[in-house]
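Everything below belongs to model-v5.cif, which stores mmCIF, C-alpha atoms.
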```
data_structure
#
loop_
_atom_site.label_atom_id
_atom_site.label_comp_id
_atom_site.auth_asym_id
_atom_site.auth_seq_id
_atom_site.Cartn_x
_atom_site.Cartn_y
_atom_site.Cartn_z
CA ASP A 1 5.37 1.74 -14.93
CA ALA A 2 1.86 0.34 -14.77
CA GLY A 3 -0.71 2.39 -16.67
CA ILE A 4 -2.71 3.88 -13.81
CA THR A 5 -4.01 7.43 -13.92
CA GLN A 6 -5.72 9.09 -11.00
CA SER A 7 -7.67 12.29 -11.44
CA PRO A 8 -7.65 14.89 -10.19
CA ARG A 9 -4.17 14.99 -8.66
CA HIS A 10 -5.22 17.66 -6.18
CA LYS A 11 -8.63 18.87 -5.09
CA VAL A 12 -9.91 21.33 -2.52
CA THR A 13 -13.58 21.20 -1.66
CA GLU A 14 -16.01 22.33 1.01
CA THR A 15 -17.72 20.29 3.69
CA GLY A 16 -20.99 18.82 2.49
CA THR A 17 -20.20 18.77 -1.22
CA PRO A 18 -20.06 15.56 -3.26
CA VAL A 19 -16.67 14.54 -4.64
CA THR A 20 -15.72 11.85 -7.15
CA LEU A 21 -12.20 10.59 -7.67
CA ARG A 22 -11.35 8.60 -10.76
CA CYS A 23 -8.91 5.78 -11.32
CA HIS A 24 -8.23 4.71 -14.90
CA GLN A 25 -6.04 1.75 -15.86
CA THR A 26 -4.76 0.55 -19.21
CA GLU A 27 -3.50 -2.84 -17.94
CA ASN A 28 -6.82 -4.72 -18.16
CA HIS A 29 -6.29 -5.92 -14.59
CA ARG A 30 -9.26 -7.49 -12.87
CA TYR A 31 -8.75 -6.22 -9.34
CA MET A 32 -8.83 -2.57 -8.32
CA TYR A 33 -8.53 -0.95 -4.90
CA TRP A 34 -8.95 2.40 -3.20
CA TYR A 35 -6.74 3.26 -0.21
CA ARG A 36 -6.44 6.37 1.89
CA GLN A 37 -3.18 7.48 3.52
CA ASP A 38 -3.16 9.41 6.78
CA PRO A 39 -0.32 10.26 9.17
CA GLY A 40 -0.02 7.66 11.91
CA HIS A 41 -2.21 5.16 10.05
CA GLY A 42 -0.30 4.23 6.95
CA LEU A 43 -2.58 3.19 4.11
CA ARG A 44 -6.02 1.76 4.79
CA LEU A 45 -8.30 -0.01 2.34
CA ILE A 46 -11.58 1.77 1.58
CA HIS A 47 -13.22 -0.36 -1.12
CA TYR A 48 -12.13 -2.81 -3.74
CA SER A 49 -13.44 -4.37 -6.93
CA TYR A 50 -12.99 -7.86 -8.31
CA GLY A 51 -14.69 -7.24 -11.63
CA VAL A 52 -17.13 -5.03 -13.47
CA LYS A 53 -19.98 -4.17 -11.10
CA ASP A 54 -18.42 -6.37 -8.40
CA THR A 55 -17.29 -4.38 -5.41
CA ASP A 56 -16.87 -4.85 -1.68
CA LYS A 57 -16.05 -2.87 1.43
CA GLY A 58 -12.66 -2.50 3.00
CA GLU A 59 -11.56 -1.44 6.45
CA VAL A 60 -12.70 2.21 6.32
CA SER A 61 -15.68 2.28 3.93
CA ASP A 62 -18.07 4.52 5.89
CA GLY A 63 -18.87 7.69 3.97
CA TYR A 64 -17.60 6.30 0.65
CA SER A 65 -19.16 4.54 -2.29
CA VAL A 66 -17.60 3.09 -5.42
CA SER A 67 -18.63 2.08 -8.90
CA ARG A 68 -17.03 0.09 -11.67
CA SER A 69 -18.98 0.07 -14.91
CA LYS A 70 -15.94 -0.73 -17.07
CA THR A 71 -12.82 -2.79 -16.45
CA GLU A 72 -10.60 0.24 -16.80
CA ASP A 73 -12.41 2.68 -14.51
CA PHE A 74 -12.97 2.61 -10.75
CA LEU A 75 -14.68 5.62 -9.19
CA LEU A 76 -14.62 6.63 -5.54
CA THR A 77 -17.41 8.95 -4.39
CA LEU A 78 -17.72 10.94 -1.21
CA GLU A 79 -21.45 11.70 -1.12
CA SER A 80 -21.06 14.54 1.37
CA ALA A 81 -17.44 15.32 2.11
CA THR A 82 -16.32 15.88 5.70
CA SER A 83 -13.08 17.28 7.08
CA SER A 84 -12.14 13.80 8.34
CA GLN A 85 -11.96 12.71 4.72
CA THR A 86 -9.06 15.06 4.04
CA SER A 87 -6.41 12.58 2.95
CA VAL A 88 -4.28 11.26 0.13
CA TYR A 89 -6.20 8.69 -1.88
CA PHE A 90 -4.43 5.94 -3.79
CA CYS A 91 -5.79 3.63 -6.41
CA ALA A 92 -4.10 0.26 -6.94
CA ILE A 93 -4.52 -2.61 -9.38
CA SER A 94 -3.51 -6.25 -9.43
CA GLU A 95 -4.03 -9.42 -11.40
CA ARG A 96 -4.09 -13.10 -10.62
CA GLY A 97 -0.93 -15.07 -11.30
CA ASN A 98 2.41 -16.08 -9.88
CA ASN A 99 4.28 -13.28 -8.20
CA GLU A 100 1.31 -11.00 -8.74
CA LYS A 101 2.18 -7.43 -7.89
CA LEU A 102 0.15 -4.54 -6.64
CA PHE A 103 0.61 -1.39 -8.72
CA PHE A 104 -0.25 2.00 -7.27
CA GLY A 105 -1.34 5.21 -8.90
CA SER A 106 0.27 8.54 -8.00
CA GLY A 107 -2.43 9.52 -5.51
CA THR A 108 -4.97 12.31 -5.15
CA GLN A 109 -4.53 14.90 -2.42
CA LEU A 110 -8.02 15.84 -1.21
CA SER A 111 -8.59 18.70 1.19
CA VAL A 112 -12.05 19.22 2.67
CA LEU A 113 -12.41 22.67 4.25
CA ALA B 1 -7.89 -9.03 12.05
CA GLN B 2 -4.25 -8.60 11.33
CA THR B 3 -2.27 -5.64 12.62
CA VAL B 4 1.10 -4.29 11.58
CA THR B 5 3.20 -2.08 13.86
CA GLN B 6 6.19 0.05 12.99
CA SER B 7 7.48 1.41 16.26
CA GLN B 8 10.03 3.82 14.77
CA PRO B 9 8.33 6.95 13.41
CA GLU B 10 11.68 8.30 12.23
CA MET B 11 15.16 6.92 11.63
CA SER B 12 18.33 8.45 10.29
CA VAL B 13 21.54 7.05 8.82
CA GLN B 14 24.78 8.33 7.41
CA GLU B 15 25.42 7.78 3.74
CA ALA B 16 27.19 4.42 3.12
CA GLU B 17 26.17 3.09 6.54
CA THR B 18 23.63 0.39 7.38
CA VAL B 19 20.22 0.94 8.94
CA THR B 20 17.51 -1.44 10.10
CA LEU B 21 13.80 -0.60 10.15
CA SER B 22 11.58 -2.61 12.47
CA CYS B 23 8.18 -4.14 11.86
CA THR B 24 6.07 -6.49 13.93
CA TYR B 25 2.73 -7.97 13.04
CA ASP B 26 -0.02 -9.97 14.59
CA THR B 27 -1.87 -12.78 12.83
CA SER B 28 -3.36 -16.18 13.49
CA GLU B 29 -2.66 -17.35 9.95
CA SER B 30 0.21 -19.63 9.05
CA ASP B 31 0.62 -18.60 5.42
CA TYR B 32 0.85 -14.99 4.29
CA TYR B 33 3.05 -12.44 2.56
CA LEU B 34 4.99 -9.54 3.99
CA PHE B 35 6.19 -6.51 2.08
CA TRP B 36 8.27 -3.39 2.43
CA TYR B 37 7.21 -0.40 0.34
CA LYS B 38 9.13 2.80 -0.19
CA GLN B 39 7.36 6.14 -0.65
CA PRO B 40 9.65 8.99 -1.72
CA PRO B 41 8.45 12.63 -1.71
CA SER B 42 6.94 12.02 -5.16
CA ARG B 43 4.30 9.95 -3.34
CA GLN B 44 4.82 6.96 -5.58
CA MET B 45 4.54 3.61 -3.79
CA ILE B 46 7.49 1.39 -4.73
CA LEU B 47 7.75 -2.27 -3.77
CA VAL B 48 11.16 -2.84 -2.17
CA ILE B 49 11.03 -6.47 -1.11
CA ARG B 50 8.60 -9.29 -0.49
CA GLN B 51 8.70 -12.33 1.79
CA GLU B 52 6.53 -15.43 1.67
CA ALA B 53 5.89 -16.81 5.14
CA TYR B 54 6.38 -20.44 4.19
CA LYS B 55 9.90 -19.70 2.95
CA GLN B 56 12.48 -19.79 5.73
CA GLN B 57 15.13 -18.04 3.67
CA ASN B 58 15.22 -14.29 4.12
CA ALA B 59 14.49 -12.29 0.98
CA THR B 60 17.21 -10.10 -0.52
CA GLU B 61 17.12 -7.47 -3.25
CA ASN B 62 20.51 -5.89 -3.88
CA ARG B 63 21.24 -3.62 -0.87
CA PHE B 64 17.93 -4.47 0.78
CA SER B 65 17.44 -7.56 2.91
CA VAL B 66 14.98 -8.69 5.55
CA ASN B 67 15.23 -10.52 8.85
CA PHE B 68 12.06 -12.60 8.99
CA GLN B 69 11.38 -14.18 12.36
CA LYS B 70 8.08 -16.02 11.95
CA ALA B 71 7.73 -17.22 15.55
CA ALA B 72 8.40 -13.73 16.87
CA LYS B 73 6.21 -12.18 14.13
CA SER B 74 8.98 -9.78 13.25
CA PHE B 75 9.97 -8.54 9.79
CA SER B 76 12.77 -5.98 9.76
CA LEU B 77 14.33 -4.32 6.74
CA LYS B 78 18.07 -3.80 6.51
CA ILE B 79 19.44 -1.24 4.07
CA SER B 80 23.15 -1.59 3.44
CA ASP B 81 25.44 1.06 1.96
CA SER B 82 22.70 3.68 2.36
CA GLN B 83 22.36 6.21 -0.44
CA LEU B 84 20.77 9.65 -0.53
CA GLY B 85 18.09 8.22 -2.80
CA ASP B 86 17.00 5.85 -0.04
CA ALA B 87 15.50 8.76 1.89
CA ALA B 88 11.77 8.13 2.00
CA MET B 89 8.86 6.87 4.06
CA TYR B 90 8.99 3.08 4.40
CA PHE B 91 5.90 0.99 5.00
CA CYS B 92 5.70 -2.58 6.19
CA ALA B 93 2.62 -4.45 4.95
CA TYR B 94 0.90 -7.79 5.45
CA ARG B 95 -1.23 -9.76 3.04
CA SER B 96 -3.29 -12.85 3.71
CA THR B 97 -3.38 -15.75 1.28
CA ASN B 98 -6.81 -16.92 2.37
CA ALA B 99 -9.12 -14.71 0.34
CA GLY B 100 -8.31 -15.94 -3.15
CA GLY B 101 -7.81 -13.44 -5.91
CA THR B 102 -9.25 -10.52 -4.02
CA SER B 103 -6.51 -10.82 -1.42
CA TYR B 104 -3.82 -9.78 -3.89
CA GLY B 105 -4.34 -6.12 -3.18
CA LYS B 106 -5.83 -6.24 0.31
CA LEU B 107 -2.85 -5.16 2.34
CA THR B 108 -2.64 -4.14 5.97
CA PHE B 109 -0.03 -1.42 6.37
CA GLY B 110 2.00 -0.22 9.30
CA GLN B 111 2.18 3.43 10.25
CA GLY B 112 5.38 4.07 8.33
CA THR B 113 8.95 5.06 9.20
CA ILE B 114 10.53 8.19 7.76
CA LEU B 115 14.16 7.50 6.83
CA THR B 116 16.58 10.41 6.54
CA VAL B 117 19.98 9.86 4.94
CA HIS B 118 22.74 12.29 5.91
CA PRO B 119 25.57 12.97 3.45
#
```
Would you mind writing the file's structure down as structure tokens?
Amino acid sequence: DAGITQSPRHKVTETGTPVTLRCHQTENHRYMYWYRQDPGHGLRLIHYSYGVKDTDKGEVSDGYSVSRSKTEDFLLTLESATSSQTSVYFCAISERGNNEKLFFGSGTQLSVL
Amino acid sequence: AQTVTQSQPEMSVQEAETVTLSCTYDTSESDYYLFWYKQPPSRQMILVIRQEAYKQQNATENRFSVNFQKAAKSFSLKISDSQLGDAAMYFCAYRSTNAGGTSYGKLTFGQGTILTVHP
């Protein structure tokens, strides 16, 4: 299994509070991604990174920010959590090359009350 | 933008039987990748099979095979000799080849199909 650790695994928070989810990889992969999974929508890309301090928006980026100060860490921040951000959040990593694969973390279940 | 549609929210199959999960997609691109991912209750995302659009031959991985119809933009997954461990949510996904390295992980997913396997 790819070395991807997401923390926390579960979190319950209140509307209006800031929340940061962490993705840590030990594979030294260049590309990192944050997805959210919701019933009826599958997984949707929030933000992604193509290197240290290089990030870009995905399909559903509103209300989220990201940072990548080191190759191994990719942080997802909800500045002021809303109930619509209750979801399962997945981090994924990939690297350039033939038959490149996308490796997923185990997900973080976030509940915003 | 590309879209992926899985029209079967739920499917069921008897153990040892065959089941087919449907997926259609919409794109204006001629070269791309298609994937099927399995998500068991553990939540782990597991790559089942991958198809490159420029290859006419349907991909096969053991009991899993696809029926790729490029003109119809259809990409179905066939599971043969179904096993209890095949029970999971299955996602169809599309990936462009046009965005260079950043496209490797930029997938568009369908809504998912929950597969139940009856003993």
Identify which of the residues A:Val66, A:Val60, A:Leu45, A:Leu21 lies closest to chain B, counting all atoms listed in the file when measuring atom-to-atom distances. A:Leu45
Please list as a PDB file with C-alpha atoms, in the coordinates of the input every residue within 12 Å of Asn28 in chain A, counting only C-alpha atoms and excluding residues in the same chain fewer than 5 positions away.
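Final output, result-v5.pdb:
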```pdb
ATOM      1  CA  ALA A   2       1.860   0.340 -14.770  1.00  0.00           C
ATOM      2  CA  GLY A   3      -0.710   2.390 -16.670  1.00  0.00           C
ATOM      3  CA  ILE A   4      -2.710   3.880 -13.810  1.00  0.00           C
ATOM      4  CA  GLY A  51     -14.690  -7.240 -11.630  1.00  0.00           C
ATOM      5  CA  VAL A  52     -17.130  -5.030 -13.470  1.00  0.00           C
ATOM      6  CA  LYS A  70     -15.940  -0.730 -17.070  1.00  0.00           C
ATOM      7  CA  THR A  71     -12.820  -2.790 -16.450  1.00  0.00           C
ATOM      8  CA  GLU A  72     -10.600   0.240 -16.800  1.00  0.00           C
ATOM      9  CA  ASP A  73     -12.410   2.680 -14.510  1.00  0.00           C
ATOM     10  CA  ILE A  93      -4.520  -2.610  -9.380  1.00  0.00           C
ATOM     11  CA  SER A  94      -3.510  -6.250  -9.430  1.00  0.00           C
ATOM     12  CA  GLU A  95      -4.030  -9.420 -11.400  1.00  0.00           C
ATOM     13  CA  ARG A  96      -4.090 -13.100 -10.620  1.00  0.00           C
TER      14      ARG A  96
END
```
Identify every residue of chain B that has at least one atom within 10 Å of any atom of chain A, counting only C-alpha atoms, and report the result as a PDB file with C-alpha atoms, in the coordinates of the input.
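part-v1.pdb, freshly written:
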```pdb
ATOM      1  CA  VAL B   4       1.100  -4.290  11.580  1.00  0.00           C
ATOM      2  CA  THR B   5       3.200  -2.080  13.860  1.00  0.00           C
ATOM      3  CA  GLN B   6       6.190   0.050  12.990  1.00  0.00           C
ATOM      4  CA  PRO B   9       8.330   6.950  13.410  1.00  0.00           C
ATOM      5  CA  SER B  42       6.940  12.020  -5.160  1.00  0.00           C
ATOM      6  CA  ARG B  43       4.300   9.950  -3.340  1.00  0.00           C
ATOM      7  CA  GLN B  44       4.820   6.960  -5.580  1.00  0.00           C
ATOM      8  CA  MET B  45       4.540   3.610  -3.790  1.00  0.00           C
ATOM      9  CA  ILE B  46       7.490   1.390  -4.730  1.00  0.00           C
ATOM     10  CA  LEU B  47       7.750  -2.270  -3.770  1.00  0.00           C
ATOM     11  CA  ARG B  50       8.600  -9.290  -0.490  1.00  0.00           C
ATOM     12  CA  MET B  89       8.860   6.870   4.060  1.00  0.00           C
ATOM     13  CA  TYR B  90       8.990   3.080   4.400  1.00  0.00           C
ATOM     14  CA  PHE B  91       5.900   0.990   5.000  1.00  0.00           C
ATOM     15  CA  CYS B  92       5.700  -2.580   6.190  1.00  0.00           C
ATOM     16  CA  ALA B  93       2.620  -4.450   4.950  1.00  0.00           C
ATOM     17  CA  GLY B 100      -8.310 -15.940  -3.150  1.00  0.00           C
ATOM     18  CA  GLY B 101      -7.810 -13.440  -5.910  1.00  0.00           C
ATOM     19  CA  THR B 102      -9.250 -10.520  -4.020  1.00  0.00           C
ATOM     20  CA  SER B 103      -6.510 -10.820  -1.420  1.00  0.00           C
ATOM     21  CA  TYR B 104      -3.820  -9.780  -3.890  1.00  0.00           C
ATOM     22  CA  GLY B 105      -4.340  -6.120  -3.180  1.00  0.00           C
ATOM     23  CA  LYS B 106      -5.830  -6.240   0.310  1.00  0.00           C
ATOM     24  CA  LEU B 107      -2.850  -5.160   2.340  1.00  0.00           C
ATOM     25  CA  THR B 108      -2.640  -4.140   5.970  1.00  0.00           C
ATOM     26  CA  PHE B 109      -0.030  -1.420   6.370  1.00  0.00           C
ATOM     27  CA  GLY B 110       2.000  -0.220   9.300  1.00  0.00           C
ATOM     28  CA  GLN B 111       2.180   3.430  10.250  1.00  0.00           C
ATOM     29  CA  GLY B 112       5.380   4.070   8.330  1.00  0.00           C
ATOM     30  CA  THR B 113       8.950   5.060   9.200  1.00  0.00           C
TER      31      THR B 113
END
```
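Among B:Thr97, B:Gln14, B:Ser22, B:Thr3, the residue with the shortest atom-to-atom distance to Ser74 in chain B, counting only C-alpha atoms, is B:Ser22.
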CA of Glu52 in chain B and CA of Thr27 in chain B are how many Å apart? 14.2 Å
Can you give me, as JSON, numbers by chain, the residues this file yields under the PyMOL selection byres ((chain A and resi 63) around 9)? {"A": [60, 61, 62, 64, 65, 77, 78, 79, 80, 81, 82, 85]}
What would the selection look like, as a ChimeraX atom specification, if the PyMOL selection byres ((chain B and resi 84-88) around 8) were run on the coordinates I just shared? /B:15,38-41,82-83,89-90,114-119
Quick one: write out the picked residues with C-alpha atoms as a short mmCIF file (atom, residue, chain, number, x, y, z; two decimals), in the coordinates of the input?
```
data_model
loop_
_atom_site.label_atom_id
_atom_site.label_comp_id
_atom_site.auth_asym_id
_atom_site.auth_seq_id
_atom_site.Cartn_x
_atom_site.Cartn_y
_atom_site.Cartn_z
CA GLU B 15 25.42 7.78 3.74
CA LYS B 38 9.13 2.80 -0.19
CA GLN B 39 7.36 6.14 -0.65
CA PRO B 40 9.65 8.99 -1.72
CA PRO B 41 8.45 12.63 -1.71
CA SER B 82 22.70 3.68 2.36
CA GLN B 83 22.36 6.21 -0.44
CA MET B 89 8.86 6.87 4.06
CA TYR B 90 8.99 3.08 4.40
CA ILE B 114 10.53 8.19 7.76
CA LEU B 115 14.16 7.50 6.83
CA THR B 116 16.58 10.41 6.54
CA VAL B 117 19.98 9.86 4.94
CA HIS B 118 22.74 12.29 5.91
CA PRO B 119 25.57 12.97 3.45
#
```
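When CA of Ser96 in chain B is paired with CA of Gln6 in chain A, their separation reads 26.5 Å.
Counting from CA of Tyr25 in chain B, the distance to CA of Ala72 in chain B is 8.9 Å.
Minimum distance to Thr55 in chain A across A:Thr5, A:Gln109, A:Thr86, A:Ser69 (counting only C-alpha atoms) occurs at A:Ser69.
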Mind giving me the axis-aligned box for range 42-60 of chain B with 4 Å on every side, centre plus edges in Å to one decimal, as AutoDock Vina command-line options?
```
--center_x 10.8 --center_y -4.2 --center_z 0.1 --size_x 20.9 --size_y 40.5 --size_z 19.3
```
Excluding same-chain residues fewer than 2 positions from Ser83 in chain A, what lies within 10 Å of it counting all atoms listed in the file, as an mmCIF file with C-alpha atoms, in the coordinates of the input?
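Listing of selection.cif after writing:
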```cif
data_model
loop_
_atom_site.group_PDB
_atom_site.id
_atom_site.type_symbol
_atom_site.label_atom_id
_atom_site.label_comp_id
_atom_site.auth_asym_id
_atom_site.auth_seq_id
_atom_site.Cartn_x
_atom_site.Cartn_y
_atom_site.Cartn_z
ATOM 1 C CA THR A 13 -13.580 21.200 -1.660
ATOM 2 C CA GLU A 14 -16.010 22.330 1.010
ATOM 3 C CA THR A 15 -17.720 20.290 3.690
ATOM 4 C CA GLY A 16 -20.990 18.820 2.490
ATOM 5 C CA ALA A 81 -17.440 15.320 2.110
ATOM 6 C CA GLN A 85 -11.960 12.710 4.720
ATOM 7 C CA THR A 86 -9.060 15.060 4.040
ATOM 8 C CA SER A 87 -6.410 12.580 2.950
ATOM 9 C CA LEU A 110 -8.020 15.840 -1.210
ATOM 10 C CA SER A 111 -8.590 18.700 1.190
ATOM 11 C CA VAL A 112 -12.050 19.220 2.670
ATOM 12 C CA LEU A 113 -12.410 22.670 4.250
#
```
Among the residues B:Ser65, B:Gln2, B:Ala71, B:Tyr94, the one that comes closest to Leu21 in chain B [using all atoms listed in the file]: B:Ser65
Reference answer for the PyMOL selection byres ((chain B and resi 53) around 12), as a ChimeraX atom specification: /B:27,29-35,50-52,54-59,67-71,73-75,94-97
Check the smallest atom-to-atom distance from each of B:Ser28, B:Ser7, B:Asn62, B:Ser12 to Ser80 in chain B using only C-alpha atoms, then report the winner. B:Asn62
